[in-house]
Structure formats: C-alpha cells, structure tokens
Amino acid sequence: MSTARAWKKSASASSVADLLRGASGPSISYVGRFAPSPSGPLHAGSLVAALASWLDARAHGGRWLLRIEDIDAARCDHKLGLHICETLHALGLHWDGPVMWQSERLERYDAVLEALKQSDRVFPCACTRRHLQPAADASGEKRYPGHCRQGMPAGETLRSWRFRIEDGAVPFTDRLLGPQVHTPAQQCGDMVVHRADGLFAYQLVVVIDDADQGVTDVVRGADLLTSTGRQILLQRTLGAAQPRYMHIPLLTGHDGAKLSKQNGAEEIPWQHRPADCLNQALEFLGLPPQTGSVSQILESATEIWRTTHVAARPAPK
C-alpha cells in the first residue's frame with residue numbers, strides 16, 4: 001500500500017438494489033474507517049480522530065478502512081489526498097484494503113439518488129439562503145421551513161433535491177456519550193442531498209459509503225454528533241445497517257475553536273517527529289505516552305485501549 005496507484009484504487013460498490021434491500025459490505029464483526037477531506041494536510045485534530053478510530057479497530061481485532069472524502073471538487077485536491085495517505089502510512093496507521101475515493105463513485109451516488117426519487121423520498125427545491133435565513137436557530141443552523149415540500153412554485157428554478165424528514169425522535173446510544181435522542185425534523189428539517197450544480201451532500205454519500213464498505217463502527221469527532229440522527233434516517237430509508245457510534249472530544253486551538261483546515265491549522269510534523277505526533281494525540285485521548293518506534297508505540301497504545309475500556313471513561317478535558 002505504498003504507491004499512489006494502490007492509494008487511488010477505489011473499492012467496489014454493491015448494486016443500488018442490494019443496498020435498498022439492506023445489503024452492506026462483507027459480514028465482519030468490526031469494520032472501522034477514517035474519512036478525511038483532502039482540503040488540507042493532516043493536522044493535530046485530524047490525527048486524534050484517525051488514531052482513536054485506528055486504535056478502536058485494532059483493539060477489537062477488526063479492519064480499518066481509509067476513505068478520501070473528495071466529493072467537493074472545488075475544495076479538495078487529489079494531491080493532498082495522496083499526501084494524507086503518505087502521512088498516515090509514515091505514522092504507522094496502516095489501513096486494510098484499497099482506499100475509497102468518493103470522486104470515483106459519482107455513478108453510484110447518482111443511482112441511489114434516482115432510487116430515492118422513484119420512491120418519493122426526495123423532492124425538488126428552489127429555495128435559496130434568503131428563504132432559509134429567518135429559520136436559523138440559536139446555534140446558527142438553518143432549519144428548512146418546507147417551502148417546496150408540496151411542490152416547487154411555478155416559474156422557480158431547481159436548486160437542490162431534499163430528503164423528506166418526518167417528525168419523530170431518533171434515539172441511539174453513543175459509546176462514549178451515552179444515550180442520545182435527536183429530532184432531525186426540528187433540528188434541520190428536510191435536508192439537501194444533491195445540488196443542482198451536481199454536488200452530492202455529505203450526509204447522503206457518507207451513508208452510502210459506510211453501507212458499501214460494511215462499516216460497523218464509526219469513531220469520529222464530536223462536531224459530527226448532530227449529523228448522526230440524520231444519517232440514521234437515511235440508513236433506515238436505504239435499508240442499510242446502522243453502525244455503532246463513538247464521538248470523541250475535539251482538539252481546539254488557543255481561541256477555543258475546533259482545529260480545522262479552514263482556520264489555518266498547521267500540518268503535524270510527521271516527517272521529523274512521528275513519535276511525538278502520536279504521543280501528543282495519545283495524551284489528548286487520555287492515554288500515557290509510549291516509548292520506542294512508531295510501531296512499538298501503536299502496539300502498546302492498542303493494548304492500553306483494549307484493557308482500560310476507553311469508550312466507557314469520562315471524556316478527556
């Protein structure tokens with residue numbers, strides 16, 4: 001898995017009919033994944049998420065997959081995707097099987113979208129940000145007010161396809177945070193799954209990808225916790241299995257904001273200090289630093305993760 005050709009090779013996808021009948025990937029007790037977006041190099045916050053996911057998979061004797069979420073071509077760079085692969089490889093976070101690249105799966109997403117259209121689970125929408133502005137809640141999230149739910153007004157231009165979200169609670173148990181109850185109809189309303197410019201929404205493609213890859217466990221940052229109820233609704237509609245979820249605390253900067261590529265988070269010094277990079281991420285996850293080579297650090301950390309039941313511990317400060 002050391003060449004660009006191997007990194008770029010995409011995983012095969014099952015048919016839409018299979019997905020809608022509830023099929024997913026191979027039946028394996030634990031399949032985890034890390035799914036970075038190549039809009040910048042790997043920073044410390046991303047490494048924390050990658051390491052937590054990798055440790056959880058290895059501690060369970062499971063598989064760990066790598067997916068490059070480059071669906072938004074305007075924001076993503078293929079070379080950065082390859083750079084992320086190189087970084088993970090150098091840090092000893094080796095993945096199983098070929099890398100999945102979302103940009104190579106557009107036909108798959110198109111087919112699923114068409115199936116949703118045929119089943120009337122999505123509807124065309126002409127709304128712009130102006131229509132949604134009055135619907136923003138205290139957090140700034142915009143709840144769709146339903147303008148086009150019963151049909152687009154005459155003379156309007158198609159701007160997106162929205163997934164119909166009905167009233168009701170979506171309960172699930174987070175492995176770290178405990179019982180959760182989401183109400184997507186109140187939180188976001190009918191959500192965009194495809195834009196008129198051809199861009200598929202994250203919420204739809206992540207569900208399709210997880211189902212096709214047979215993902216059983218999703219370990220990711222707490223900023224994606226609010227997406228979980230919406231993704232569960234899509235999983236139910238597509239007949240896909242619901243993974244187990246664990247949302248870990250976010251690494252923040254000095255200003256208290258989440259580290260991200262958008263706010264200028266720096267690339268980790270993986271080429272010169274790989275052991276330090278891993279140990280800093282371990283410390284944030286509540287594990288003691290380890291000594292030795294990269295592989296020795298990861299082996300020791302996996303054993304600690306396995307024996308101390310990290311998922312049941314309080315979130316690190």
# chains A, B, ... in the order shown; residues from 1 in each chain; ligands from 1
call {"tool": "select_by_dssp", "arguments": {"residues": "region 13-218 of chain A", "states": "strand (DSSP E)", "output": "count of residues only"}}
result
37
call {"tool": "select_by_dssp", "arguments": {"residues": "region 48-118 of chain A", "states": "alpha helix (DSSP H)", "output": "JSON, numbers by chain"}}
result
{"A": [48, 49, 50, 51, 52, 53, 54, 55, 56, 57, 58, 59, 78, 79, 80, 81, 82, 83, 84, 85, 86, 87, 88, 89, 90, 106, 107, 108, 109, 110, 111, 112, 113, 114, 115, 116, 117, 118]}
call {"tool": "write_last_selection", "arguments": {"atoms": "N, CA, C and O atoms", "output": "compact mmCIF listing (two decimals), in the first residue's frame"}}
result
# COMPACT_ATOMS: atom_id res chain seq x y z
N VAL A 48 -5.90 13.04 15.90
CA VAL A 48 -6.60 12.49 17.07
C VAL A 48 -7.75 11.59 16.63
O VAL A 48 -7.93 10.48 17.14
N ALA A 49 -8.54 12.06 15.67
CA ALA A 49 -9.68 11.26 15.18
C ALA A 49 -9.19 10.00 14.49
O ALA A 49 -9.76 8.91 14.69
N ALA A 50 -8.15 10.12 13.68
CA ALA A 50 -7.63 8.95 12.97
C ALA A 50 -7.08 7.92 13.96
O ALA A 50 -7.35 6.71 13.84
N LEU A 51 -6.33 8.38 14.95
CA LEU A 51 -5.72 7.47 15.91
C LEU A 51 -6.77 6.78 16.77
O LEU A 51 -6.68 5.57 17.01
N ALA A 52 -7.78 7.52 17.22
CA ALA A 52 -8.84 6.90 18.02
C ALA A 52 -9.56 5.82 17.23
O ALA A 52 -9.84 4.72 17.73
N SER A 53 -9.85 6.11 15.97
CA SER A 53 -10.52 5.15 15.11
C SER A 53 -9.64 3.92 14.87
O SER A 53 -10.11 2.77 14.94
N TRP A 54 -8.36 4.16 14.60
CA TRP A 54 -7.43 3.05 14.34
C TRP A 54 -7.26 2.17 15.57
O TRP A 54 -7.32 0.94 15.48
N LEU A 55 -7.06 2.79 16.74
CA LEU A 55 -6.88 2.02 17.97
C LEU A 55 -8.12 1.19 18.30
O LEU A 55 -8.01 0.03 18.72
N ASP A 56 -9.28 1.78 18.11
CA ASP A 56 -10.51 1.06 18.43
C ASP A 56 -10.67 -0.16 17.53
O ASP A 56 -11.06 -1.24 17.97
N ALA A 57 -10.35 0.01 16.24
CA ALA A 57 -10.43 -1.11 15.31
C ALA A 57 -9.43 -2.20 15.66
O ALA A 57 -9.76 -3.39 15.71
N ARG A 58 -8.19 -1.82 15.91
CA ARG A 58 -7.16 -2.82 16.22
C ARG A 58 -7.42 -3.49 17.57
O ARG A 58 -7.18 -4.69 17.73
N ALA A 59 -7.91 -2.73 18.54
CA ALA A 59 -8.20 -3.32 19.85
C ALA A 59 -9.32 -4.35 19.78
O ALA A 59 -9.39 -5.28 20.59
N HIS A 78 -6.58 16.39 -5.16
CA HIS A 78 -6.19 14.98 -5.20
C HIS A 78 -4.79 14.78 -4.62
O HIS A 78 -4.53 13.79 -3.91
N LYS A 79 -3.87 15.71 -4.89
CA LYS A 79 -2.52 15.59 -4.36
C LYS A 79 -2.51 15.62 -2.84
O LYS A 79 -1.71 14.93 -2.19
N LEU A 80 -3.40 16.42 -2.26
CA LEU A 80 -3.49 16.45 -0.80
C LEU A 80 -4.03 15.13 -0.27
O LEU A 80 -3.65 14.69 0.82
N GLY A 81 -4.93 14.50 -1.02
CA GLY A 81 -5.41 13.19 -0.62
C GLY A 81 -4.28 12.18 -0.57
O GLY A 81 -4.17 11.39 0.39
N LEU A 82 -3.43 12.18 -1.58
CA LEU A 82 -2.28 11.29 -1.59
C LEU A 82 -1.31 11.64 -0.46
O LEU A 82 -0.70 10.75 0.15
N HIS A 83 -1.21 12.93 -0.16
CA HIS A 83 -0.33 13.38 0.93
C HIS A 83 -0.84 12.87 2.27
O HIS A 83 -0.05 12.46 3.14
N ILE A 84 -2.14 12.88 2.47
CA ILE A 84 -2.73 12.35 3.70
C ILE A 84 -2.44 10.86 3.82
O ILE A 84 -2.09 10.35 4.90
N CYS A 85 -2.56 10.14 2.71
CA CYS A 85 -2.24 8.71 2.71
C CYS A 85 -0.78 8.49 3.12
O CYS A 85 -0.48 7.61 3.94
N GLU A 86 0.11 9.29 2.57
CA GLU A 86 1.53 9.18 2.89
C GLU A 86 1.78 9.46 4.37
O GLU A 86 2.57 8.77 5.03
N THR A 87 1.10 10.47 4.91
CA THR A 87 1.27 10.84 6.32
C THR A 87 0.82 9.70 7.22
O THR A 87 1.53 9.32 8.17
N LEU A 88 -0.37 9.16 6.98
CA LEU A 88 -0.87 8.06 7.80
C LEU A 88 0.06 6.87 7.74
O LEU A 88 0.33 6.21 8.76
N HIS A 89 0.53 6.57 6.55
CA HIS A 89 1.43 5.42 6.37
C HIS A 89 2.71 5.62 7.18
O HIS A 89 3.19 4.68 7.85
N ALA A 90 3.27 6.83 7.15
CA ALA A 90 4.51 7.11 7.88
C ALA A 90 4.30 7.03 9.39
O ALA A 90 5.24 6.70 10.14
N LEU A 106 -19.31 8.67 -8.40
CA LEU A 106 -20.44 9.54 -8.74
C LEU A 106 -21.59 8.74 -9.35
O LEU A 106 -22.77 9.05 -9.08
N GLU A 107 -21.29 7.75 -10.17
CA GLU A 107 -22.36 6.94 -10.76
C GLU A 107 -23.13 6.19 -9.68
O GLU A 107 -24.35 6.03 -9.79
N ARG A 108 -22.43 5.75 -8.68
CA ARG A 108 -23.08 5.05 -7.56
C ARG A 108 -24.05 5.99 -6.85
O ARG A 108 -25.20 5.64 -6.57
N TYR A 109 -23.60 7.20 -6.56
CA TYR A 109 -24.46 8.16 -5.87
C TYR A 109 -25.65 8.55 -6.74
O TYR A 109 -26.78 8.71 -6.25
N ASP A 110 -25.40 8.71 -8.04
CA ASP A 110 -26.49 9.04 -8.96
C ASP A 110 -27.58 7.96 -8.92
O ASP A 110 -28.78 8.27 -8.94
N ALA A 111 -27.15 6.70 -8.90
CA ALA A 111 -28.11 5.60 -8.93
C ALA A 111 -28.95 5.58 -7.66
O ALA A 111 -30.17 5.35 -7.70
N VAL A 112 -28.32 5.82 -6.52
CA VAL A 112 -29.07 5.85 -5.26
C VAL A 112 -30.03 7.03 -5.24
O VAL A 112 -31.19 6.91 -4.80
N LEU A 113 -29.57 8.20 -5.71
CA LEU A 113 -30.45 9.36 -5.77
C LEU A 113 -31.66 9.08 -6.64
O LEU A 113 -32.79 9.45 -6.30
N GLU A 114 -31.45 8.43 -7.78
CA GLU A 114 -32.57 8.11 -8.67
C GLU A 114 -33.56 7.19 -7.97
O GLU A 114 -34.77 7.35 -8.12
N ALA A 115 -33.05 6.23 -7.20
CA ALA A 115 -33.94 5.33 -6.45
C ALA A 115 -34.75 6.12 -5.42
O ALA A 115 -35.94 5.84 -5.20
N LEU A 116 -34.14 7.10 -4.78
CA LEU A 116 -34.85 7.93 -3.81
C LEU A 116 -35.93 8.77 -4.50
O LEU A 116 -37.02 8.98 -3.95
N LYS A 117 -35.62 9.24 -5.70
CA LYS A 117 -36.63 9.99 -6.45
C LYS A 117 -37.82 9.10 -6.81
O LYS A 117 -38.98 9.51 -6.67
N GLN A 118 -37.52 7.89 -7.26
CA GLN A 118 -38.59 6.98 -7.66
C GLN A 118 -39.49 6.60 -6.50
O GLN A 118 -40.68 6.35 -6.68
call {"tool": "closest_residue", "arguments": {"among": "A:Thr308, A:Thr173, A:Thr291, A:Ser160", "to": "Gln242 (chain A)", "atoms": "only C-alpha atoms"}}
result
A:Thr173
call {"tool": "atom_distance", "arguments": {"atom1": "CA of Ala73 (chain A)", "atom2": "CA of Asp96 (chain A)"}}
result
25.5 Å
call {"tool": "residues_around", "arguments": {"residues": "region 61-66 of chain A", "least_positions_apart": "4", "cutoff": "9 Å", "atoms": "only C-alpha atoms", "output": "ChimeraX atom specification"}}
result
/A:28-36,53-54,56-57,85,94-101,213,215
call {"tool": "write_last_selection", "arguments": {"atoms": "N, CA, C and O atoms", "output": "compact mmCIF listing (two decimals), in the first residue's frame"}}
result
# COMPACT_ATOMS: atom_id res chain seq x y z
N ILE A 28 -18.47 -8.77 8.81
CA ILE A 28 -17.31 -8.80 9.69
C ILE A 28 -17.73 -8.13 10.99
O ILE A 28 -18.46 -7.15 10.99
N SER A 29 -17.26 -8.67 12.13
CA SER A 29 -17.75 -8.20 13.42
C SER A 29 -17.38 -6.74 13.69
O SER A 29 -18.12 -6.03 14.36
N TYR A 30 -16.22 -6.29 13.20
CA TYR A 30 -15.82 -4.90 13.40
C TYR A 30 -15.13 -4.39 12.15
O TYR A 30 -14.12 -4.94 11.71
N VAL A 31 -15.69 -3.31 11.59
CA VAL A 31 -15.07 -2.60 10.48
C VAL A 31 -15.14 -1.11 10.80
O VAL A 31 -16.23 -0.55 10.90
N GLY A 32 -14.01 -0.50 11.00
CA GLY A 32 -13.95 0.93 11.25
C GLY A 32 -13.42 1.66 10.03
O GLY A 32 -13.01 1.05 9.04
N ARG A 33 -13.41 2.98 10.11
CA ARG A 33 -12.92 3.76 8.96
C ARG A 33 -12.49 5.14 9.41
O ARG A 33 -12.95 5.68 10.43
N PHE A 34 -11.61 5.74 8.62
CA PHE A 34 -11.23 7.14 8.77
C PHE A 34 -11.50 7.78 7.42
O PHE A 34 -11.13 7.23 6.38
N ALA A 35 -12.16 8.94 7.44
CA ALA A 35 -12.62 9.53 6.18
C ALA A 35 -12.28 11.02 6.13
O ALA A 35 -13.16 11.87 6.27
N PRO A 36 -11.02 11.37 5.90
CA PRO A 36 -10.65 12.78 5.84
C PRO A 36 -11.01 13.43 4.51
O PRO A 36 -11.14 12.75 3.49
N SER A 53 -9.85 6.11 15.97
CA SER A 53 -10.52 5.15 15.11
C SER A 53 -9.64 3.92 14.87
O SER A 53 -10.11 2.77 14.94
N TRP A 54 -8.36 4.16 14.60
CA TRP A 54 -7.43 3.05 14.34
C TRP A 54 -7.26 2.17 15.57
O TRP A 54 -7.32 0.94 15.48
N ASP A 56 -9.28 1.78 18.11
CA ASP A 56 -10.51 1.06 18.43
C ASP A 56 -10.67 -0.16 17.53
O ASP A 56 -11.06 -1.24 17.97
N ALA A 57 -10.35 0.01 16.24
CA ALA A 57 -10.43 -1.11 15.31
C ALA A 57 -9.43 -2.20 15.66
O ALA A 57 -9.76 -3.39 15.71
N CYS A 85 -2.56 10.14 2.71
CA CYS A 85 -2.24 8.71 2.71
C CYS A 85 -0.78 8.49 3.12
O CYS A 85 -0.48 7.61 3.94
N HIS A 94 -1.66 2.05 9.26
CA HIS A 94 -1.87 1.34 8.00
C HIS A 94 -3.33 0.87 7.91
O HIS A 94 -3.92 0.44 8.90
N TRP A 95 -3.87 0.97 6.72
CA TRP A 95 -5.28 0.62 6.51
C TRP A 95 -5.37 -0.73 5.82
O TRP A 95 -4.39 -1.26 5.29
N ASP A 96 -6.57 -1.28 5.82
CA ASP A 96 -6.83 -2.57 5.20
C ASP A 96 -7.55 -2.37 3.87
O ASP A 96 -8.53 -1.62 3.81
N GLY A 97 -7.11 -3.04 2.83
CA GLY A 97 -7.78 -2.95 1.54
C GLY A 97 -7.47 -1.66 0.82
O GLY A 97 -6.71 -0.80 1.29
N PRO A 98 -8.09 -1.47 -0.35
CA PRO A 98 -7.85 -0.27 -1.15
C PRO A 98 -8.52 0.96 -0.56
O PRO A 98 -9.50 0.86 0.17
N VAL A 99 -7.97 2.11 -0.86
CA VAL A 99 -8.57 3.38 -0.45
C VAL A 99 -9.81 3.63 -1.30
O VAL A 99 -9.80 3.39 -2.51
N MET A 100 -10.86 4.11 -0.68
CA MET A 100 -12.05 4.53 -1.41
C MET A 100 -11.99 6.04 -1.64
O MET A 100 -11.81 6.81 -0.69
N TRP A 101 -12.15 6.45 -2.91
CA TRP A 101 -12.17 7.87 -3.27
C TRP A 101 -13.59 8.21 -3.72
O TRP A 101 -14.11 7.64 -4.67
N GLN A 213 -19.10 -0.25 2.31
CA GLN A 213 -17.86 -0.76 2.90
C GLN A 213 -18.12 -1.68 4.09
O GLN A 213 -17.17 -2.22 4.67
N VAL A 215 -19.19 -0.87 7.08
CA VAL A 215 -18.70 -0.26 8.32
C VAL A 215 -19.64 -0.58 9.48
O VAL A 215 -20.84 -0.37 9.39
call {"tool": "closest_residue", "arguments": {"among": "A:Glu156, A:Glu267, A:Glu283, A:Glu166", "to": "Ala44 (chain A)", "atoms": "only C-alpha atoms"}}
result
A:Glu267
call {"tool": "atom_distance", "arguments": {"atom1": "CA of Gly292 (chain A)", "atom2": "CA of Ala275 (chain A)"}}
result
8.0 Å
call {"tool": "atom_distance", "arguments": {"atom1": "CA of Ile268 (chain A)", "atom2": "CA of Arg67 (chain A)"}}
result
19.9 Å
call {"tool": "closest_residue", "arguments": {"among": "A:His60, A:Ser39, A:Gly45, A:Gly155", "to": "Asp223 (chain A)", "atoms": "only C-alpha atoms"}}
result
A:Gly45
call {"tool": "closest_residue", "arguments": {"among": "A:Ile68, A:Val170, A:Thr128, A:His147", "to": "Arg105 (chain A)", "atoms": "only C-alpha atoms"}}
result
A:Ile68
call {"tool": "residues_around", "arguments": {"residues": "Ile165 (chain A)", "least_positions_apart": "3", "cutoff": "12 Å", "atoms": "only C-alpha atoms", "output": "PDB file with N, CA, C and O atoms, in the first residue's frame"}}
result
ATOM      1  N   ASP A 120     -40.137   8.626  -4.018  1.00  0.00           N
ATOM      2  CA  ASP A 120     -40.685   9.880  -3.496  1.00  0.00           C
ATOM      3  C   ASP A 120     -40.128  10.242  -2.122  1.00  0.00           C
ATOM      4  O   ASP A 120     -40.789  10.898  -1.338  1.00  0.00           O
ATOM      5  N   ARG A 121     -38.903   9.805  -1.839  1.00  0.00           N
ATOM      6  CA  ARG A 121     -38.277  10.164  -0.568  1.00  0.00           C
ATOM      7  C   ARG A 121     -37.496  11.468  -0.665  1.00  0.00           C
ATOM      8  O   ARG A 121     -37.023  11.989   0.337  1.00  0.00           O
ATOM      9  N   VAL A 122     -37.325  11.984  -1.882  1.00  0.00           N
ATOM     10  CA  VAL A 122     -36.708  13.285  -2.072  1.00  0.00           C
ATOM     11  C   VAL A 122     -37.621  14.128  -2.954  1.00  0.00           C
ATOM     12  O   VAL A 122     -38.456  13.596  -3.681  1.00  0.00           O
ATOM     13  N   PHE A 123     -37.469  15.442  -2.867  1.00  0.00           N
ATOM     14  CA  PHE A 123     -38.288  16.335  -3.683  1.00  0.00           C
ATOM     15  C   PHE A 123     -37.447  17.505  -4.177  1.00  0.00           C
ATOM     16  O   PHE A 123     -36.461  17.895  -3.532  1.00  0.00           O
ATOM     17  N   ARG A 143     -32.985  25.693   9.711  1.00  0.00           N
ATOM     18  CA  ARG A 143     -33.993  24.650   9.569  1.00  0.00           C
ATOM     19  C   ARG A 143     -34.831  24.946   8.346  1.00  0.00           C
ATOM     20  O   ARG A 143     -35.361  26.048   8.190  1.00  0.00           O
ATOM     21  N   TYR A 144     -34.953  23.967   7.480  1.00  0.00           N
ATOM     22  CA  TYR A 144     -35.721  24.163   6.260  1.00  0.00           C
ATOM     23  C   TYR A 144     -37.205  24.324   6.597  1.00  0.00           C
ATOM     24  O   TYR A 144     -37.796  23.461   7.246  1.00  0.00           O
ATOM     25  N   PRO A 145     -37.826  25.411   6.173  1.00  0.00           N
ATOM     26  CA  PRO A 145     -39.219  25.677   6.550  1.00  0.00           C
ATOM     27  C   PRO A 145     -40.262  24.950   5.703  1.00  0.00           C
ATOM     28  O   PRO A 145     -41.457  25.095   5.952  1.00  0.00           O
ATOM     29  N   GLY A 146     -39.835  24.209   4.682  1.00  0.00           N
ATOM     30  CA  GLY A 146     -40.788  23.394   3.927  1.00  0.00           C
ATOM     31  C   GLY A 146     -41.450  24.080   2.757  1.00  0.00           C
ATOM     32  O   GLY A 146     -42.517  23.637   2.299  1.00  0.00           O
ATOM     33  N   ARG A 149     -41.997  21.598  -0.183  1.00  0.00           N
ATOM     34  CA  ARG A 149     -42.294  20.215   0.183  1.00  0.00           C
ATOM     35  C   ARG A 149     -43.457  19.638  -0.613  1.00  0.00           C
ATOM     36  O   ARG A 149     -43.479  18.450  -0.950  1.00  0.00           O
ATOM     37  N   ARG A 162     -34.112  17.571  -1.897  1.00  0.00           N
ATOM     38  CA  ARG A 162     -34.130  17.441  -0.448  1.00  0.00           C
ATOM     39  C   ARG A 162     -34.747  16.102  -0.023  1.00  0.00           C
ATOM     40  O   ARG A 162     -35.718  15.628  -0.617  1.00  0.00           O
ATOM     41  N   GLY A 168     -40.513  13.046  14.540  1.00  0.00           N
ATOM     42  CA  GLY A 168     -40.220  11.864  15.342  1.00  0.00           C
ATOM     43  C   GLY A 168     -38.808  11.906  15.895  1.00  0.00           C
ATOM     44  O   GLY A 168     -37.924  12.583  15.358  1.00  0.00           O
ATOM     45  N   ALA A 169     -38.617  11.181  16.995  1.00  0.00           N
ATOM     46  CA  ALA A 169     -37.315  11.124  17.647  1.00  0.00           C
ATOM     47  C   ALA A 169     -36.477   9.989  17.070  1.00  0.00           C
ATOM     48  O   ALA A 169     -37.003   8.964  16.636  1.00  0.00           O
ATOM     49  N   VAL A 170     -35.176  10.203  17.072  1.00  0.00           N
ATOM     50  CA  VAL A 170     -34.230   9.184  16.623  1.00  0.00           C
ATOM     51  C   VAL A 170     -33.288   8.892  17.792  1.00  0.00           C
ATOM     52  O   VAL A 170     -32.310   9.610  18.016  1.00  0.00           O
ATOM     53  N   THR A 183     -33.850  14.895  17.011  1.00  0.00           N
ATOM     54  CA  THR A 183     -35.122  15.183  16.331  1.00  0.00           C
ATOM     55  C   THR A 183     -34.811  15.965  15.060  1.00  0.00           C
ATOM     56  O   THR A 183     -34.953  17.191  15.032  1.00  0.00           O
ATOM     57  N   PRO A 184     -34.379  15.279  14.012  1.00  0.00           N
ATOM     58  CA  PRO A 184     -33.953  15.977  12.791  1.00  0.00           C
ATOM     59  C   PRO A 184     -35.006  16.889  12.180  1.00  0.00           C
ATOM     60  O   PRO A 184     -34.665  17.916  11.584  1.00  0.00           O
ATOM     61  N   ALA A 185     -36.290  16.549  12.315  1.00  0.00           N
ATOM     62  CA  ALA A 185     -37.329  17.401  11.738  1.00  0.00           C
ATOM     63  C   ALA A 185     -37.307  18.789  12.366  1.00  0.00           C
ATOM     64  O   ALA A 185     -37.573  19.793  11.701  1.00  0.00           O
ATOM     65  N   GLN A 186     -36.974  18.853  13.670  1.00  0.00           N
ATOM     66  CA  GLN A 186     -36.884  20.143  14.351  1.00  0.00           C
ATOM     67  C   GLN A 186     -35.502  20.761  14.204  1.00  0.00           C
ATOM     68  O   GLN A 186     -35.348  21.981  14.192  1.00  0.00           O
ATOM     69  N   GLN A 187     -34.477  19.935  14.120  1.00  0.00           N
ATOM     70  CA  GLN A 187     -33.109  20.452  14.074  1.00  0.00           C
ATOM     71  C   GLN A 187     -32.737  21.030  12.716  1.00  0.00           C
ATOM     72  O   GLN A 187     -32.066  22.054  12.631  1.00  0.00           O
ATOM     73  N   CYS A 188     -33.136  20.331  11.653  1.00  0.00           N
ATOM     74  CA  CYS A 188     -32.721  20.798  10.330  1.00  0.00           C
ATOM     75  C   CYS A 188     -33.839  20.762   9.301  1.00  0.00           C
ATOM     76  O   CYS A 188     -33.775  21.460   8.292  1.00  0.00           O
ATOM     77  N   GLY A 189     -34.886  19.948   9.541  1.00  0.00           N
ATOM     78  CA  GLY A 189     -35.927  19.806   8.537  1.00  0.00           C
ATOM     79  C   GLY A 189     -35.417  19.021   7.335  1.00  0.00           C
ATOM     80  O   GLY A 189     -34.358  18.398   7.380  1.00  0.00           O
ATOM     81  N   ASP A 190     -36.203  19.031   6.263  1.00  0.00           N
ATOM     82  CA  ASP A 190     -35.818  18.296   5.051  1.00  0.00           C
ATOM     83  C   ASP A 190     -34.442  18.761   4.585  1.00  0.00           C
ATOM     84  O   ASP A 190     -34.214  19.949   4.371  1.00  0.00           O
ATOM     85  N   MET A 191     -33.537  17.811   4.404  1.00  0.00           N
ATOM     86  CA  MET A 191     -32.144  18.213   4.151  1.00  0.00           C
ATOM     87  C   MET A 191     -31.742  17.988   2.702  1.00  0.00           C
ATOM     88  O   MET A 191     -32.202  17.076   2.028  1.00  0.00           O
ATOM     89  N   VAL A 192     -30.840  18.848   2.244  1.00  0.00           N
ATOM     90  CA  VAL A 192     -30.320  18.757   0.881  1.00  0.00           C
ATOM     91  C   VAL A 192     -29.451  17.511   0.754  1.00  0.00           C
ATOM     92  O   VAL A 192     -28.584  17.254   1.601  1.00  0.00           O
ATOM     93  N   VAL A 193     -29.694  16.729  -0.294  1.00  0.00           N
ATOM     94  CA  VAL A 193     -28.833  15.582  -0.588  1.00  0.00           C
ATOM     95  C   VAL A 193     -28.122  15.733  -1.932  1.00  0.00           C
ATOM     96  O   VAL A 193     -27.164  15.030  -2.220  1.00  0.00           O
ATOM     97  N   GLY A 229     -28.299  11.516  13.835  1.00  0.00           N
ATOM     98  CA  GLY A 229     -29.718  11.215  13.674  1.00  0.00           C
ATOM     99  C   GLY A 229     -30.158  11.285  12.221  1.00  0.00           C
ATOM    100  O   GLY A 229     -30.955  10.466  11.750  1.00  0.00           O
ATOM    101  N   ARG A 230     -29.630  12.238  11.483  1.00  0.00           N
ATOM    102  CA  ARG A 230     -29.973  12.401  10.066  1.00  0.00           C
ATOM    103  C   ARG A 230     -29.455  11.219   9.255  1.00  0.00           C
ATOM    104  O   ARG A 230     -30.134  10.705   8.356  1.00  0.00           O
ATOM    105  N   GLN A 231     -28.244  10.793   9.585  1.00  0.00           N
ATOM    106  CA  GLN A 231     -27.677   9.654   8.871  1.00  0.00           C
ATOM    107  C   GLN A 231     -28.418   8.361   9.193  1.00  0.00           C
ATOM    108  O   GLN A 231     -28.593   7.502   8.324  1.00  0.00           O
ATOM    109  N   ILE A 232     -28.877   8.220  10.413  1.00  0.00           N
ATOM    110  CA  ILE A 232     -29.656   7.037  10.777  1.00  0.00           C
ATOM    111  C   ILE A 232     -30.954   6.994   9.983  1.00  0.00           C
ATOM    112  O   ILE A 232     -31.377   5.923   9.516  1.00  0.00           O
ATOM    113  N   LEU A 233     -31.604   8.140   9.790  1.00  0.00           N
ATOM    114  CA  LEU A 233     -32.825   8.165   8.983  1.00  0.00           C
ATOM    115  C   LEU A 233     -32.542   7.735   7.545  1.00  0.00           C
ATOM    116  O   LEU A 233     -33.327   6.993   6.944  1.00  0.00           O
ATOM    117  N   LEU A 234     -31.438   8.198   6.974  1.00  0.00           N
ATOM    118  CA  LEU A 234     -31.067   7.783   5.625  1.00  0.00           C
ATOM    119  C   LEU A 234     -30.755   6.287   5.586  1.00  0.00           C
ATOM    120  O   LEU A 234     -31.136   5.584   4.640  1.00  0.00           O
ATOM    121  N   ARG A 236     -32.043   3.970   7.452  1.00  0.00           N
ATOM    122  CA  ARG A 236     -33.318   3.248   7.506  1.00  0.00           C
ATOM    123  C   ARG A 236     -34.006   3.257   6.142  1.00  0.00           C
ATOM    124  O   ARG A 236     -34.563   2.247   5.711  1.00  0.00           O
ATOM    125  N   THR A 237     -33.979   4.403   5.484  1.00  0.00           N
ATOM    126  CA  THR A 237     -34.632   4.519   4.177  1.00  0.00           C
ATOM    127  C   THR A 237     -33.966   3.611   3.144  1.00  0.00           C
ATOM    128  O   THR A 237     -34.640   2.988   2.320  1.00  0.00           O
TER     129      THR A 237
END
call {"tool": "residues_around", "arguments": {"residues": "Ala74 (chain A)", "least_positions_apart": "3", "cutoff": "12 Å", "atoms": "only C-alpha atoms", "output": "count of residues only"}}
result
11
call {"tool": "closest_residue", "arguments": {"among": "A:Leu158, A:Ala240, A:Leu177, A:Leu287", "to": "Val206 (chain A)", "atoms": "only C-alpha atoms"}}
result
A:Ala240
